[in-house]
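Next up, start-v4.txt (compact mmCIF, C-alpha atoms):
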```
# COMPACT_ATOMS: atom_id res chain seq x y z
CA MET G 31 96.16 137.97 104.95
CA SER G 32 96.57 134.24 104.31
CA PHE G 33 94.90 131.15 105.69
CA ASN G 34 97.81 130.84 108.12
CA SER G 35 95.80 133.04 110.49
CA PHE G 36 93.08 130.41 110.65
CA PRO G 37 93.34 128.29 113.83
CA ILE G 38 93.99 124.54 113.86
CA ASN G 39 90.35 124.04 114.78
CA PRO G 40 88.02 126.49 113.04
CA ASN G 41 85.57 126.24 115.93
CA GLU G 42 87.84 128.31 118.14
CA THR G 43 86.54 131.75 119.02
CA ILE G 44 88.40 134.26 116.88
CA SER G 45 87.91 137.85 115.95
CA THR G 46 86.22 138.61 112.67
CA ASP G 47 89.25 140.76 111.90
CA THR G 48 91.44 137.67 111.69
CA PHE G 49 89.18 135.72 109.35
CA PRO G 50 91.03 135.38 106.03
CA LYS G 51 89.81 137.69 103.32
CA ILE G 52 91.62 136.94 100.10
CA VAL G 53 91.68 139.44 97.28
CA VAL G 54 91.90 137.89 93.82
CA ASN G 55 92.10 140.20 90.82
CA ASN G 56 91.23 143.10 93.12
CA THR G 57 88.03 141.33 94.19
CA ASN G 58 87.37 140.50 97.84
CA ASN G 59 86.17 136.94 98.43
CA GLY G 60 83.08 138.30 100.18
CA PHE G 61 83.40 136.28 103.39
CA LYS G 62 83.26 138.86 106.16
CA GLN G 63 83.04 136.63 109.23
CA PRO G 64 84.06 133.17 110.44
CA PRO G 65 81.80 130.41 109.08
CA PRO G 66 78.63 130.04 111.18
CA LEU G 67 77.79 126.67 112.69
CA TYR G 68 75.18 125.77 110.07
CA ALA G 69 77.73 126.33 107.30
CA ARG G 70 80.26 124.09 109.05
CA LEU G 71 77.64 121.39 109.60
CA LEU G 72 76.66 121.53 105.94
CA CYS G 73 80.31 121.09 104.95
CA GLU G 74 80.63 118.07 107.26
CA LEU G 75 77.44 116.52 105.89
CA ILE G 76 78.45 117.00 102.25
CA GLY G 77 82.06 116.02 102.87
CA THR G 78 81.18 112.80 104.70
CA CYS G 79 78.65 111.92 102.01
CA LEU G 80 81.13 112.46 99.18
CA PHE G 81 83.95 110.59 100.93
CA ILE G 82 81.76 107.51 101.36
CA PHE G 83 80.12 107.85 97.95
CA PHE G 84 83.40 107.81 96.04
CA GLY G 85 85.28 105.47 98.39
CA ALA G 86 82.57 102.86 98.94
CA GLY G 87 81.39 103.35 95.36
CA CYS G 88 84.74 102.14 94.04
CA ALA G 89 84.86 99.32 96.60
CA ALA G 90 81.35 98.16 95.58
CA LYS G 91 82.31 97.26 92.01
CA PRO G 92 84.95 94.90 90.64
CA HIS G 93 88.18 96.53 91.68
CA ASP G 94 91.81 96.12 92.53
CA LEU G 95 93.68 97.30 95.60
CA LEU G 96 95.25 100.28 93.88
CA THR G 97 91.91 101.59 92.59
CA VAL G 98 90.22 101.52 95.99
CA SER G 99 93.24 103.05 97.73
CA ALA G 100 93.57 105.83 95.17
CA ALA G 101 89.84 106.59 95.31
CA HIS G 102 89.83 107.12 99.08
CA ALA G 103 93.08 109.09 99.00
CA LEU G 104 92.08 111.42 96.18
CA VAL G 105 88.67 112.26 97.61
CA THR G 106 90.33 112.93 100.98
CA VAL G 107 92.79 115.39 99.42
CA TRP G 108 90.25 117.57 97.65
CA LEU G 109 87.69 117.42 100.46
CA VAL G 110 90.25 118.60 103.03
CA TYR G 111 91.51 121.19 100.56
CA VAL G 112 88.03 122.61 99.93
CA PHE G 113 86.21 122.16 103.24
CA GLY G 114 89.13 122.09 105.67
CA PRO G 115 89.37 125.88 106.10
CA VAL G 116 85.62 126.02 106.80
CA SER G 117 84.70 123.09 109.06
CA GLY G 118 88.08 121.59 109.83
CA GLY G 119 87.45 118.75 107.39
CA HIS G 120 86.64 116.06 109.96
CA PHE G 121 84.23 113.82 108.01
CA ASN G 122 85.03 111.20 110.64
CA ALA G 123 83.55 110.54 114.07
CA GLY G 124 87.00 109.64 115.39
CA ALA G 125 88.43 112.99 114.28
CA THR G 126 85.55 114.93 115.83
CA ILE G 127 85.86 113.09 119.14
CA ALA G 128 89.63 113.68 119.18
CA PHE G 129 89.12 117.41 118.56
CA ALA G 130 86.47 117.39 121.30
CA VAL G 131 88.97 115.89 123.75
CA ASN G 132 91.33 118.65 122.66
CA GLY G 133 88.84 121.00 124.34
CA LYS G 134 88.26 123.29 121.37
CA MET G 135 84.70 122.35 120.52
CA LYS G 136 81.50 123.18 122.35
CA ILE G 137 78.97 120.47 123.19
CA ILE G 138 76.52 121.74 120.58
CA GLU G 139 79.26 121.67 117.96
CA ILE G 140 80.31 118.13 118.85
CA ILE G 141 76.74 116.84 118.65
CA GLY G 142 76.07 118.81 115.48
CA TYR G 143 79.17 117.48 113.74
CA LEU G 144 78.38 113.86 114.62
CA VAL G 145 74.74 114.17 113.54
CA ALA G 146 75.70 115.89 110.27
CA GLN G 147 78.28 113.21 109.51
CA GLY G 148 75.80 110.45 110.31
CA ILE G 149 73.22 111.96 107.96
CA GLY G 150 75.87 112.31 105.30
CA SER G 151 76.82 108.64 105.62
CA ILE G 152 73.20 107.50 105.27
CA LEU G 153 72.75 109.79 102.28
CA ALA G 154 75.84 108.30 100.67
CA GLY G 155 74.47 104.81 101.23
CA ALA G 156 71.18 105.84 99.61
CA LEU G 157 73.01 107.25 96.59
CA LEU G 158 75.01 104.03 96.27
CA LEU G 159 71.78 102.03 96.46
CA CYS G 160 70.40 104.06 93.55
CA LEU G 161 73.63 103.49 91.66
CA TYR G 162 74.10 99.76 92.25
CA GLY G 163 70.69 98.51 93.37
CA THR G 164 69.96 95.82 95.93
CA GLY G 165 71.81 92.55 96.34
CA THR G 166 75.16 94.15 97.07
CA SER G 167 76.95 95.26 100.24
CA LEU G 168 77.51 98.71 98.68
CA GLY G 169 81.18 98.59 99.58
CA THR G 170 80.62 97.88 103.28
CA PRO G 171 83.99 96.94 104.86
CA GLY G 172 84.29 93.34 106.01
CA LEU G 173 86.89 90.83 107.12
CA GLN G 174 88.32 88.77 104.31
CA PRO G 175 88.80 84.98 104.64
CA GLY G 176 91.71 84.16 106.92
CA VAL G 177 91.70 87.56 108.66
CA THR G 178 90.88 87.30 112.35
CA VAL G 179 88.90 89.89 114.29
CA MET G 180 91.96 91.01 116.22
CA ARG G 181 94.00 91.43 113.03
CA GLY G 182 91.22 93.49 111.53
CA PHE G 183 91.03 95.59 114.68
CA ALA G 184 94.80 96.08 114.62
CA ILE G 185 94.63 97.38 111.04
CA GLU G 186 91.91 99.88 111.93
CA PHE G 187 93.59 101.00 115.14
CA ILE G 188 97.18 101.32 113.91
CA CYS G 189 96.28 103.08 110.67
CA THR G 190 94.05 105.62 112.43
CA VAL G 191 96.70 106.27 115.08
CA ILE G 192 99.06 107.31 112.28
CA LEU G 193 96.36 109.25 110.48
CA SER G 194 95.41 111.11 113.67
CA PHE G 195 99.00 112.03 114.47
CA VAL G 196 99.62 113.29 110.94
CA ILE G 197 96.41 115.37 110.97
CA PHE G 198 97.26 117.08 114.26
CA PHE G 199 100.92 117.46 113.34
CA THR G 200 100.46 118.92 109.85
CA THR G 201 97.56 121.23 110.71
CA SER G 202 99.43 122.63 113.71
CA TYR G 203 101.75 124.66 111.50
CA ASN G 204 100.34 124.33 107.97
CA THR G 205 97.15 125.50 106.32
CA TYR G 206 94.57 122.86 105.50
CA LYS G 207 95.42 123.28 101.83
CA GLU G 208 99.04 122.42 102.59
CA ALA G 209 98.06 119.56 104.91
CA ALA G 210 95.60 117.97 102.46
CA PHE G 211 98.28 116.18 100.43
CA PRO G 212 100.15 114.43 103.30
CA ILE G 213 96.83 113.46 104.89
CA GLY G 214 95.73 111.96 101.58
CA LEU G 215 99.01 110.05 101.33
CA VAL G 216 98.43 108.50 104.77
CA VAL G 217 94.95 107.41 103.66
CA PHE G 218 96.46 105.97 100.47
CA SER G 219 99.09 104.01 102.41
CA SER G 220 96.52 102.75 104.90
CA PHE G 221 94.17 101.43 102.25
CA LEU G 222 97.02 99.79 100.39
CA LEU G 223 97.79 97.98 103.64
CA GLY G 224 94.30 97.02 104.75
CA ALA G 225 91.70 97.34 101.99
CA ASP G 226 92.16 93.71 100.93
CA ARG G 227 92.32 92.51 104.54
CA ASP G 228 89.45 94.08 106.46
CA GLY G 229 88.14 96.72 104.05
CA ALA G 230 90.08 99.48 105.83
CA ALA G 231 87.26 101.76 106.95
CA LEU G 232 89.41 104.05 109.17
CA ASN G 233 86.13 105.85 109.83
CA PRO G 234 82.97 104.63 111.62
CA TRP G 235 80.78 106.42 109.06
CA ARG G 236 82.56 104.69 106.17
CA TRP G 237 81.13 101.45 107.55
CA PHE G 238 77.87 102.77 108.97
CA GLY G 239 76.19 104.32 105.91
CA PRO G 240 76.66 101.44 103.45
CA ALA G 241 75.93 98.85 106.18
CA VAL G 242 72.62 100.45 107.19
CA VAL G 243 71.32 100.92 103.66
CA SER G 244 72.43 97.47 102.45
CA ASN G 245 71.46 95.80 105.76
CA THR G 246 74.77 93.95 105.91
CA PHE G 247 75.55 94.06 109.62
CA GLN G 248 78.05 91.58 111.01
CA SER G 249 79.01 90.64 114.55
CA THR G 250 82.57 91.82 113.85
CA ALA G 251 81.44 95.30 112.79
CA TRP G 252 82.46 96.77 116.16
CA ILE G 253 86.06 96.94 114.97
CA TYR G 254 85.06 99.69 112.49
CA VAL G 255 83.78 101.83 115.37
CA VAL G 256 86.10 101.07 118.27
CA GLY G 257 89.24 100.81 116.12
CA PRO G 258 89.07 104.22 114.39
CA ILE G 259 87.80 106.14 117.43
CA GLY G 260 90.39 104.55 119.72
CA GLY G 261 93.08 105.11 117.11
CA PHE G 262 92.26 108.79 116.73
CA LEU G 263 92.33 109.32 120.48
CA PHE G 264 95.62 107.48 120.89
CA GLY G 265 97.11 109.39 117.96
CA TYR G 266 96.08 112.65 119.64
CA ILE G 267 97.76 111.51 122.87
CA LEU G 268 100.97 110.75 120.96
CA PHE G 269 100.85 114.19 119.36
CA ARG G 270 100.45 115.86 122.75
CA LEU G 271 103.38 113.84 124.13
CA TYR G 272 105.47 114.80 121.11
CA LYS G 273 104.56 118.45 121.61
CA LEU G 274 105.40 118.18 125.31
CA LEU G 275 108.83 116.75 124.51
CA TRP G 276 109.38 119.46 121.91
CA ASN G 277 108.50 122.27 124.30
CA GLY G 278 110.37 120.65 127.15
CA ARG G 279 113.53 120.49 125.08
CA ALA G 280 113.13 124.12 124.10
CA SER G 281 112.72 125.14 127.72
CA PHE G 282 115.84 123.17 128.66
CA GLN G 283 117.87 124.93 125.98
CA ILE G 284 116.65 128.33 127.08
```
Now that the file is in, can you turn its structure into structure tokens?
Amino acid sequence: MSFNSFPINPNETISTDTFPKIVVNNTNNGFKQPPPLYARLLCELIGTCLFIFFGAGCAAKPHDLLTVSAAHALVTVWLVYVFGPVSGGHFNAGATIAFAVNGKMKIIEIIGYLVAQGIGSILAGALLLCLYGTGTSLGTPGLQPGVTVMRGFAIEFICTVILSFVIFFTTSYNTYKEAAFPIGLVVFSSFLLGADRDGAALNPWRWFGPAVVSNTFQSTAWIYVVGPIGGFLFGYILFRLYKLLWNGRASFQI
């Protein structure tokens, strides 16, 4: 059995008989049931922490646009590849809220995911503080000179709309290991577009952790919360419309 039997959202109720058990060199992988909630929360905490640690860590030192973009893209690829089959690989409040709207997460799971991600972001900020010390923003996203608030918001919103659509589209018929690469490419493209404009958070936690630990809050910081969450929700709506058109066309042909 392959990971194709794993649902788009691992929090769906599935039989233990359908949980993928891969045999490598005649050795069973040992996982006999779907991942329990605490295991999924641990994956979200670690994944969020590592995403911010590597992404913000590269943004906190002298860098160029390509370095920061590649750092966020690469960490996204291997995090989704490793943790995606377990927790869904959200690592993003916008993604969790979009999946919640999709109706495939229980209230306790939604709250647990958001809390785990928040803790992971703070932990990442603390690690960056140990690495770089005080007197730095620790890679906290911010508007660059000449970039208005609305332009910054547009970058966050548009990029996360595309990211959301690609996540829902690719994971609807691919395994997470197959979807990891195109998702990483979207992150790479988005940071190439916006990292030198508004910092390109694309994730409320990417801003929150470094901002809290470095105490670098700004009045324009709302764009890094509203933009990504709104973008993920709108991207999900576009995916549902696309799916509706697809199924409607099929029904017409039949």
(request) State, in Å with one decimal place, the distance from CA of Gly214 (chain G) to CA of Thr190 (chain G). (result) 12.7 Å
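Note that CA of Leu157 (chain G) and CA of Thr250 (chain G) are 25.0 Å apart.
One finds CA of Gly155 (chain G) at 21.0 Å from CA of Ile259 (chain G).
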Please, which residues in region 68-153 of chain G fall within 10 Å of region 226-238 of chain G when counting only C-alpha atoms, and what is the closest atom pair and distance in Å to one decimal for each, ordered by chain then residue number, as JSON lines?
```
{"residue": "G:Thr78", "atom": "CA", "partner": "G:Trp235", "partner_atom": "CA", "distance": 7.7}
{"residue": "G:Cys79", "atom": "CA", "partner": "G:Trp235", "partner_atom": "CA", "distance": 9.2}
{"residue": "G:Phe81", "atom": "CA", "partner": "G:Arg236", "partner_atom": "CA", "distance": 8.0}
{"residue": "G:Ile82", "atom": "CA", "partner": "G:Arg236", "partner_atom": "CA", "distance": 5.6}
{"residue": "G:Phe83", "atom": "CA", "partner": "G:Arg236", "partner_atom": "CA", "distance": 9.1}
{"residue": "G:Gly85", "atom": "CA", "partner": "G:Arg236", "partner_atom": "CA", "distance": 8.3}
{"residue": "G:Ala86", "atom": "CA", "partner": "G:Arg236", "partner_atom": "CA", "distance": 7.5}
{"residue": "G:Ala89", "atom": "CA", "partner": "G:Gly229", "partner_atom": "CA", "distance": 8.5}
{"residue": "G:Asp94", "atom": "CA", "partner": "G:Asp226", "partner_atom": "CA", "distance": 8.7}
{"residue": "G:Leu95", "atom": "CA", "partner": "G:Asp226", "partner_atom": "CA", "distance": 6.6}
{"residue": "G:Val98", "atom": "CA", "partner": "G:Asp226", "partner_atom": "CA", "distance": 9.4}
{"residue": "G:Ser99", "atom": "CA", "partner": "G:Ala230", "partner_atom": "CA", "distance": 9.4}
{"residue": "G:His102", "atom": "CA", "partner": "G:Ala231", "partner_atom": "CA", "distance": 9.9}
{"residue": "G:Phe121", "atom": "CA", "partner": "G:Trp235", "partner_atom": "CA", "distance": 8.2}
{"residue": "G:Asn122", "atom": "CA", "partner": "G:Asn233", "partner_atom": "CA", "distance": 5.5}
{"residue": "G:Ala123", "atom": "CA", "partner": "G:Pro234", "partner_atom": "CA", "distance": 6.4}
{"residue": "G:Gly124", "atom": "CA", "partner": "G:Asn233", "partner_atom": "CA", "distance": 6.8}
{"residue": "G:Ala125", "atom": "CA", "partner": "G:Asn233", "partner_atom": "CA", "distance": 8.7}
{"residue": "G:Leu144", "atom": "CA", "partner": "G:Trp235", "partner_atom": "CA", "distance": 9.6}
{"residue": "G:Gln147", "atom": "CA", "partner": "G:Trp235", "partner_atom": "CA", "distance": 7.2}
{"residue": "G:Gly148", "atom": "CA", "partner": "G:Trp235", "partner_atom": "CA", "distance": 6.5}
{"residue": "G:Ile149", "atom": "CA", "partner": "G:Trp235", "partner_atom": "CA", "distance": 9.4}
{"residue": "G:Gly150", "atom": "CA", "partner": "G:Trp235", "partner_atom": "CA", "distance": 8.5}
{"residue": "G:Ser151", "atom": "CA", "partner": "G:Trp235", "partner_atom": "CA", "distance": 5.7}
{"residue": "G:Ile152", "atom": "CA", "partner": "G:Phe238", "partner_atom": "CA", "distance": 7.6}
```
Taking all atoms of region 200-207 of chain G that appear in the file, build a box with edges along x, y and z, extend it by 8 Å on every side, and state its centre and edge lengths in Å to one decimal, as AutoDock Vina command-line options.
```
--center_x 98.2 --center_y 122.2 --center_z 107.8 --size_x 23.2 --size_y 22.6 --size_z 27.9
```
(request) Tell me, as a ChimeraX atom specification, which residues lie within 7 Å of Ala128 (chain G), counting all atoms listed in the file; anything in the same chain fewer than 6 positions away does not count. (result) /G:262-263,266
(request) Quick one: everything within 12 Å of Tyr272 (chain G), counting only C-alpha atoms, minus sequence neighbours fewer than 6 positions away in the same chain. Send it as a PyMOL selection string. (result) chain G and resi 195-196+198-199+265-266+278-279
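Taking all atoms listed in the file into account, Gln248 (chain G) lies nearest to G:Val179 out of the set G:Leu158, G:Val179, G:Ile76, G:Leu275.
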(request) List the residues sitting within 7 Å of (75.0, 125.8, 118.5) in the file's frame, using all atoms listed in the file, as a VMD selection string. (result) chain G and resid 67 138 to 139
